Amino acid sequence: MMSKMIEPITFTVPLSFEAHDIAQQCAEKSSPTKFKQVYLNTLAVYAVDSYLRCMGFETNLEKSESRDSLMLKFVDVADLDVVGVGKIECRPVLPDSQTCYIPSDAWENRIGYVAVQLNQSLKAATLLGFTQTAAAEIPVADLSQLDDFLGYLSEIKQTQTVNSESDRPEFVNLKQWFEGIIEETWLTVEQLLNPQKVEMMYRFKNAVPIVRGQQIDLGMELAGTTVALIVALPPQSDPEVDVRLQVHPTGSSVYLPEGLKLMLQDESGETIMIAESRDSDNFIQLQFGAELGECFGINVAFGEASVTEKFCL
Amino acid sequence: MKIDLQLRELALEAQQHPAQSRQRNRALTKLIEVVGRCHRLVRPYRESWPPLIYEDLYNEAYGKTLEYICQNIDNYYPEKPVMAWVNQILKFRFSDVVDRHMNEKKRRELPSLDDLEDNLEKWLSEKFQHSEEARMMRELREEWRELRELIEEDPDHLFRMVSLRGRPDLTWQVIALAKLDGETLDIMSQRLEVSISGINGFFNLNLRRFRDYFRNRLQ
């Protein structure tokens with residue numbers, strides 16, 4: 001980070017008839033106790049939507065849970081679906097508040113969170129900044145710049161475009177793993193990782209899980225460090241399966257390079273979850289539930305290099 | 001004028017870079033900031049409207065103007081001063097807004113944060129003369145009550161038939177009712193001793209399955 005003081009960039013969106021009409025409609029579809037929260041959430045989503053469209057991104061409001069009348073009765077979410085990127089949570093911040101609150105309903109399936117400060121009259125919304133990772137409370141001062149937010153979105157978009165251009169029609173048939181049919185290219189953990197790292201990291205309620213991995217080639221970018229993608233499944237398939245993915249360094253490296261990303265994508269290619277390695281991470285992990293018949297993509301990216309593997313249960 | 005030069009520079013800078021690029025977006029953000037604070041925006045038809053309504057009309061038009069500028073920056077010709085271009089767009093947008101929103105019989109006031117804080121029903125019945133809005137809260141309560149009853153009674157044995165893996169006591173019915181009653185995931189997770197992603201995945205998956213059922217049953 002540079003030592004010179006960077007002026008915080010914010011962006012203010014005026015809120016008038018259109019914004020309030022939509023807020024009213026959504027609040028009306030929620031529940032009596034959620035009315036106010038849904039109203040504010042909708043204004044926040046409106047502001048971020050306006051900002052992103054100004055900055056050249058395409059949004060998909062119909063795909064957002066925050067506009068879903070059934071969902072709105074059960075949860076407190078303010079998501080905005082960005083085409084080719086994924087879901088962003090847009091949290092309203094009260095006028096004099098220095099804290100952005102993120103409810104637990106929104107801790108999953110989001111690539112990032114934007115804090116939107118509303119003024120007392122609810123006629124203006126100011127985008128304050130963003131964060132990649134959720135927490136119950138985030139001080140506004142800890143948020144990253146809007147400028148970086150746009151860069152982050154572009155990065156994800158580029159990764160996904162690259163993936164869709166590569167011709168990889170095959171997918172890994174995970175359902176067969178439960179039947180003991182596993183391709184040779186998927187090695188056991190003992191074969192892949194440094195023996196000292198092979199611990200029982202994959203506990204599934206005392207049952208022995210199915211664990212396999214593959215070396216991932218990220219070319220020149222990693223300059224000698226190789227990584228392995230590990231897939232862990234419970235021993236039996238249920239209608240819903242708890243899937244765990246990890247990326248480990250292989251060979252003599254103990255740590256992953258900083259900035260390595262592991263992304264979960266749904267069938268349409270949209271990113272649902274991201275894990276990113278920080279300084280001195282031994283591994284990074286994603287964990288999610290998938291139902292039989294569902295397909296998803298796993299992308300491992302570092303710098304310009306990116307590898308995607310498609311899986312179907 | 002210095003502002004004119006600065007704005008023109010920013011507009012040209014934006015044009016030189018592709019859409020979605022960092023440089024273009026930075027230039028656009030700065031341009032909007034300068035436009036907003038330079039006090040050179042027109043106030044079209046100000047005399048025709050009472051000040052409070054005018055403020056809302058103007059805000060709507062201004063928001064649309066900003067979107068237009070950003071999305072059409074490539075159509076800006078440098079021979080023209082930026083402010084002249086912006087003001088021209090603003091005038092058109094203002095007319096659009098008037099057409100779109102002033103045809104309703106009674107334009108309602110936009111609520112402030114205080115209005116939402118207080119008793120909502122009080123606010124609704126006092127501010128609105130339309131019987132529609134007054135009825136709205138009652139309908140909302142009704143819908144919510146119907147949904148809750150349907151889940152609780154589970155006449156077609158759907159919601160009790162699925163449960164979290166390894167936890168037959170945690171049926172979708174149990175989870176859904178807790179959520180309807182306002183329990184957040186983190187509290188639920190602690191109380192039930194199940195992971196947040198476990199509950200979330202299970203709930204969402206089955207909500208998707210039950211969606212059509214709800215649609216048919218609740219209309």
# chains A, B, ... in the order shown; residues from 1 in each chain; ligands from 1
call {"tool": "interface_residues", "arguments": {"of": "chain A", "to": "chain B", "cutoff": "6 Å", "atoms": "only C-alpha atoms", "output": "compact mmCIF listing (two decimals) with N, CA and C atoms, in the first residue's frame"}}
result
# COMPACT_ATOMS: atom_id res chain seq x y z
N PRO A 14 -29.18 9.74 -5.96
CA PRO A 14 -30.41 10.31 -5.41
C PRO A 14 -31.52 9.27 -5.39
N SER A 16 -35.56 8.76 -5.33
CA SER A 16 -36.84 9.48 -5.47
C SER A 16 -37.97 8.50 -5.75
N LYS A 36 -39.72 -2.55 7.50
CA LYS A 36 -38.73 -1.47 7.48
C LYS A 36 -37.39 -1.94 6.91
N CYS A 54 -24.02 2.64 -14.15
CA CYS A 54 -23.24 3.79 -14.59
C CYS A 54 -21.83 3.35 -14.99
N MET A 55 -21.31 2.38 -14.27
CA MET A 55 -19.92 1.96 -14.50
C MET A 55 -19.83 0.84 -15.53
N GLY A 56 -20.91 0.59 -16.23
CA GLY A 56 -20.83 -0.32 -17.36
C GLY A 56 -21.07 -1.79 -17.06
N PHE A 74 -38.89 -14.89 4.50
CA PHE A 74 -38.09 -15.74 5.37
C PHE A 74 -36.75 -15.13 5.78
N SER A 104 -26.69 -12.85 9.14
CA SER A 104 -26.17 -14.17 8.80
C SER A 104 -26.84 -14.78 7.58
N ASP A 105 -28.05 -14.34 7.27
CA ASP A 105 -28.71 -14.83 6.06
C ASP A 105 -27.89 -14.53 4.81
N GLN A 120 -31.07 10.79 6.44
CA GLN A 120 -32.27 10.77 7.28
C GLN A 120 -33.56 10.88 6.48
N SER A 121 -33.53 11.67 5.41
CA SER A 121 -34.74 11.86 4.61
C SER A 121 -34.96 10.72 3.61
N LEU A 122 -33.98 9.84 3.51
CA LEU A 122 -34.01 8.73 2.55
C LEU A 122 -34.11 9.24 1.11
N GLY A 289 -23.21 -27.51 0.07
CA GLY A 289 -24.08 -28.65 -0.15
C GLY A 289 -24.53 -28.67 -1.59
call {"tool": "residues_around", "arguments": {"residues": "Leu174 in chain A", "least_positions_apart": "4", "cutoff": "7 Å", "atoms": "only C-alpha atoms", "output": "VMD selection string"}}
result
chain A and resid 311 to 313
call {"tool": "select_by_dssp", "arguments": {"residues": "range 38-214 of chain B", "states": "strand (DSSP E or B)", "output": "list of chain:residue names"}}
result
B:Ser163, B:Leu164, B:Arg167, B:Pro168, B:Asp169, B:Leu170, B:Thr171
call {"tool": "closest_residue", "arguments": {"among": "A:Phe17, A:Thr133, A:Met71, A:Ile156", "to": "Ile53 in chain B", "atoms": "only C-alpha atoms"}}
result
A:Phe17
call {"tool": "closest_residue", "arguments": {"among": "A:Gln176, A:Gln160, A:Ser268, A:Thr12", "to": "Leu233 in chain A", "atoms": "only C-alpha atoms"}}
result
A:Gln176
call {"tool": "closest_residue", "arguments": {"among": "A:Ser30, A:Ser64, A:Thr226, A:Gln285", "to": "Val254 in chain A", "atoms": "only C-alpha atoms"}}
result
A:Thr226
